[in-house]
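Asks: Structure file data31.cif (mmCIF, C-alpha atoms and all ligand atoms) right here:
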```
data_data
loop_
_atom_site.label_atom_id
_atom_site.label_comp_id
_atom_site.auth_asym_id
_atom_site.auth_seq_id
_atom_site.Cartn_x
_atom_site.Cartn_y
_atom_site.Cartn_z
CA MET A 11 -296.60 81.73 -161.32
CA TYR A 12 -293.60 79.68 -160.14
CA LEU A 13 -292.37 82.41 -157.78
CA SER A 14 -295.70 82.94 -156.10
CA GLY A 15 -296.10 79.16 -155.78
CA PHE A 16 -292.68 78.94 -154.11
CA LYS A 17 -293.48 81.73 -151.69
CA PHE A 18 -296.71 80.04 -150.75
CA MET A 19 -294.85 76.83 -149.93
CA LEU A 20 -292.43 78.68 -147.64
CA VAL A 21 -295.28 80.29 -145.76
CA SER A 22 -297.06 77.01 -145.23
CA THR A 23 -293.86 75.31 -144.07
CA ASP A 24 -293.35 78.03 -141.45
CA GLU A 25 -296.91 77.72 -140.29
CA TYR A 26 -296.55 73.98 -140.11
CA THR A 27 -293.29 74.22 -138.15
CA SER A 28 -294.61 76.62 -135.54
CA LYS A 29 -297.82 74.63 -135.21
CA TYR A 30 -295.77 71.49 -134.70
CA MET A 31 -293.60 73.14 -132.04
CA GLU A 32 -296.67 74.47 -130.24
CA ASP A 33 -298.25 71.04 -130.18
CA ASN A 34 -295.00 69.53 -128.96
CA THR A 35 -294.49 71.96 -126.09
CA GLU A 36 -297.95 71.01 -124.90
CA ILE A 37 -297.23 67.29 -125.04
CA PHE A 38 -293.60 67.15 -123.93
CA PRO A 39 -293.68 69.01 -120.57
CA GLU A 40 -296.92 67.34 -119.45
CA ALA A 41 -295.15 64.04 -118.73
CA SER A 42 -292.06 65.67 -117.23
CA LEU A 43 -294.28 68.09 -115.30
CA ASN A 44 -295.97 65.21 -113.53
CA GLN A 45 -292.55 63.77 -112.64
CA ILE A 46 -291.50 67.10 -111.14
CA LEU A 47 -294.77 67.34 -109.19
CA ALA A 48 -294.12 63.85 -107.82
CA LYS A 49 -290.62 64.98 -106.71
CA ILE A 50 -292.07 68.05 -104.98
CA ALA A 51 -294.68 65.91 -103.20
CA ALA A 52 -292.31 63.02 -102.32
CA PRO A 53 -291.11 64.35 -98.89
CA ALA A 54 -294.77 64.58 -97.79
CA ALA A 55 -294.60 60.82 -97.21
CA LYS A 56 -292.36 61.55 -94.20
CA ALA A 57 -294.61 64.32 -92.85
CA ALA A 58 -297.72 63.78 -90.72
CA SER A 59 -299.91 64.84 -93.64
CA LEU A 60 -299.65 66.48 -97.04
CA GLN A 61 -301.21 69.58 -95.52
CA GLU A 62 -298.54 69.79 -92.82
CA TYR A 63 -295.80 69.29 -95.42
CA VAL A 64 -297.20 72.03 -97.67
CA VAL A 65 -297.57 74.50 -94.77
CA GLY A 66 -293.98 73.82 -93.68
CA LEU A 67 -292.59 73.96 -97.20
CA LEU A 68 -294.32 77.21 -98.12
CA GLY A 69 -293.18 78.73 -94.83
CA LYS A 70 -289.60 77.97 -95.89
CA LEU A 71 -289.97 79.12 -99.51
CA ASP A 72 -291.95 82.30 -98.76
CA LYS A 73 -288.95 84.58 -98.19
CA ASN A 74 -290.85 87.87 -97.85
CA GLY A 75 -293.54 86.40 -95.58
CA ASP A 76 -296.60 87.49 -97.59
CA LYS A 77 -298.03 83.93 -97.47
CA VAL A 78 -297.81 83.43 -101.24
CA LEU A 79 -294.99 82.38 -103.54
CA ASP A 80 -294.02 84.65 -106.39
CA PHE A 81 -292.18 83.24 -109.40
CA ASN A 82 -288.70 83.86 -107.94
CA GLU A 83 -289.55 82.33 -104.57
CA PHE A 84 -291.01 79.35 -106.39
CA THR A 85 -288.01 78.74 -108.68
CA ASP A 86 -285.50 79.33 -105.83
CA GLY A 87 -287.56 76.88 -103.80
CA LEU A 88 -287.35 74.20 -106.48
CA ARG A 89 -283.56 74.56 -106.51
CA SER A 90 -283.43 74.37 -102.69
CA LEU A 91 -285.34 71.07 -102.95
CA GLY A 92 -282.69 69.83 -105.38
CA ILE A 93 -285.18 69.87 -108.25
CA HIS A 94 -283.57 71.21 -111.40
CA VAL A 95 -285.89 72.22 -114.22
CA SER A 96 -285.60 74.15 -117.46
CA ASN A 97 -286.96 77.69 -117.84
CA HIS A 98 -289.73 76.26 -119.92
CA GLU A 99 -290.68 73.80 -117.18
CA GLU A 100 -290.56 76.57 -114.55
CA GLN A 101 -293.10 78.53 -116.58
CA ALA A 102 -295.27 75.47 -117.13
CA LEU A 103 -295.16 74.57 -113.42
CA MET A 104 -296.03 78.11 -112.42
CA ARG A 105 -299.06 77.99 -114.76
CA ARG A 106 -300.06 74.64 -113.30
CA PHE A 107 -299.92 75.84 -109.67
CA ASP A 108 -301.26 79.35 -110.21
CA THR A 109 -304.83 78.39 -110.99
CA ASN A 110 -306.33 81.89 -110.53
CA ASN A 111 -303.53 83.35 -112.69
CA ASP A 112 -302.52 86.18 -110.32
CA LYS A 113 -298.79 85.30 -110.70
CA ARG A 114 -298.69 84.13 -107.08
CA ILE A 115 -298.99 80.63 -105.69
CA SER A 116 -301.14 80.52 -102.56
CA MET A 117 -300.96 77.70 -100.04
CA GLU A 118 -304.35 76.48 -101.23
CA GLU A 119 -303.24 76.42 -104.87
CA PHE A 120 -300.03 74.61 -103.97
CA TYR A 121 -301.88 72.04 -101.89
CA ASN A 122 -304.60 71.42 -104.48
CA VAL A 123 -302.09 70.61 -107.24
CA LEU A 124 -300.19 68.12 -105.05
CA ALA A 125 -303.29 66.58 -103.43
CA CA B 201 -293.78 85.52 -100.86
CA CA B 202 -302.58 82.29 -107.67
#
```
In structure tokens, write the structure found in this file.

Replies:
Amino acid sequence: MYLSGFKFMLVSTDEYTSKYMEDNTEIFPEASLNQILAKIAAPAAKAASLQEYVVGLLGKLDKNGDKVLDFNEFTDGLRSLGIHVSNHEEQALMRRFDTNNDKRISMEEFYNVLA
């Protein structure tokens, strides 16, 4: 009886811990994500319009010229903007931008998140 009770407690602690971490990863990056988005959008203030800034920026970041950003182009682009983020934040940002979930960020998707 004691042993099975002990085992049960371990299982529930693990479940509690992973649930807690899941909840936390949802809450923690959200605030920092918005800060990163603000940094990405900041230079738009110097451009004629946000649209012009996004077109110019994606032109620079789109290394293979297919008019969309893949994950590597996106993360290299963040670094070239001087924005340093964790792997976790890169993933979260990619999910935020890639609204149709095709693993590519189109100009429209990029614009809509910053607008
Ligand atoms: Ca590309
Ligand atoms: Ca997409």

Asks: Counting all atoms listed in the file, what is within 9 Å of Ala102 (chain A), bar same-chain residues fewer than 5 positions away, as a list in words?

Replies: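 Listing them by chain and then by number gives Pro39, Glu40, Leu43, Asn97 and Phe107 of chain A.
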
Asks: Please produce an output containing C-alpha atoms for each residue in the selection, written as a compact mmCIF listing (two decimals), in the frame of the given file.

Replies:
```
# COMPACT_ATOMS: atom_id res chain seq x y z
CA PRO A 39 -293.68 69.01 -120.57
CA GLU A 40 -296.92 67.34 -119.45
CA LEU A 43 -294.28 68.09 -115.30
CA ASN A 97 -286.96 77.69 -117.84
CA PHE A 107 -299.92 75.84 -109.67
```

Asks: Quick one: everything within 8 Å of Ala54 (chain A), counting all atoms listed in the file, minus sequence neighbours fewer than 6 positions away in the same chain. Send it as a PyMOL selection string.

Replies: chain A and resi 60+63-64

Asks: May I ask which of the residues A:Ala48, A:Val123, A:Phe81, A:Glu118 is the closest one to Val65 (chain A), counting all atoms listed in the file?

Replies: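 Selected residue with least distance to Val65 (chain A): A:Glu118.
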
Asks: Which residue, A:Lys56, A:Arg106, A:Lys113, A:Lys70, has the smallest gap to ligand CA 202 (chain B) when you use only C-alpha atoms and all ligand atoms?

Replies: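 Smallest distance to ligand CA 202 (chain B) is found for A:Lys113.
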
Asks: Scan for residues within 12 Å of the point (-286.1, 75.7, -111.3) in the coordinates of the file, using all atoms listed in the file, and reply as number ranges by chain.

Replies: A: 43, 46, 50, 81-104

Asks: What residues have any atom no more than 6 Å from ligand CA 201 (chain B) when counting only C-alpha atoms and all ligand atoms, and can you list them as a compact mmCIF listing (two decimals) with C-alpha atoms, keeping the file's coordinate frame?

Replies:
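Contents of out_38.txt, freshly written:
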```txt
# COMPACT_ATOMS: atom_id res chain seq x y z
CA ASP A 72 -291.95 82.30 -98.76
CA LYS A 73 -288.95 84.58 -98.19
CA ASN A 74 -290.85 87.87 -97.85
CA GLY A 75 -293.54 86.40 -95.58
CA ASP A 76 -296.60 87.49 -97.59
CA LYS A 77 -298.03 83.93 -97.47
CA VAL A 78 -297.81 83.43 -101.24
CA LEU A 79 -294.99 82.38 -103.54
CA ASP A 80 -294.02 84.65 -106.39
```

Asks: Using only C-alpha atoms and all ligand atoms, find each residue in chain A having at least one atom no more than 8 Å away from ligand CA 202 (chain B); report its shortest atom-to-atom pair and that distance in Å (one decimal), rows by chain then rising number, as a Markdown table.

Replies:
```
| residue | atom | partner | partner_atom | distance |
| --- | --- | --- | --- | --- |
| A:Phe107 | CA | B:CA202 | CA | 7.3 |
| A:Asp108 | CA | B:CA202 | CA | 4.1 |
| A:Thr109 | CA | B:CA202 | CA | 5.6 |
| A:Asn110 | CA | B:CA202 | CA | 4.7 |
| A:Asn111 | CA | B:CA202 | CA | 5.2 |
| A:Asp112 | CA | B:CA202 | CA | 4.7 |
| A:Lys113 | CA | B:CA202 | CA | 5.7 |
| A:Arg114 | CA | B:CA202 | CA | 4.3 |
| A:Ile115 | CA | B:CA202 | CA | 4.4 |
| A:Ser116 | CA | B:CA202 | CA | 5.6 |
| A:Glu119 | CA | B:CA202 | CA | 6.5 |
```

Asks: Could you check how far CA of Ala125 (chain A) sits from CA of Leu67 (chain A), in Å to one decimal?

Replies: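 Spanning CA of Ala125 (chain A) to CA of Leu67 (chain A) is a straight-line distance of 14.4 Å.
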
Asks: Looking at all atoms listed in the file, which of A:Ala41, A:Leu47, A:Met117, A:Ala57 is the one that sits closest to Leu71 (chain A)?

Replies: A:Met117

Asks: Distance CA of Asn122 (chain A)-CA of Ala58 (chain A), one decimal place?

Replies: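 Taking CA of Asn122 (chain A) and CA of Ala58 (chain A), their separation equals 17.2 Å.
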
Asks: Restricting the calculation to all atoms listed in the file, which member of A:Gln61, A:Pro53, A:Arg105, A:Gly66 is positioned closest to Tyr121 (chain A)?

Replies: A:Gln61
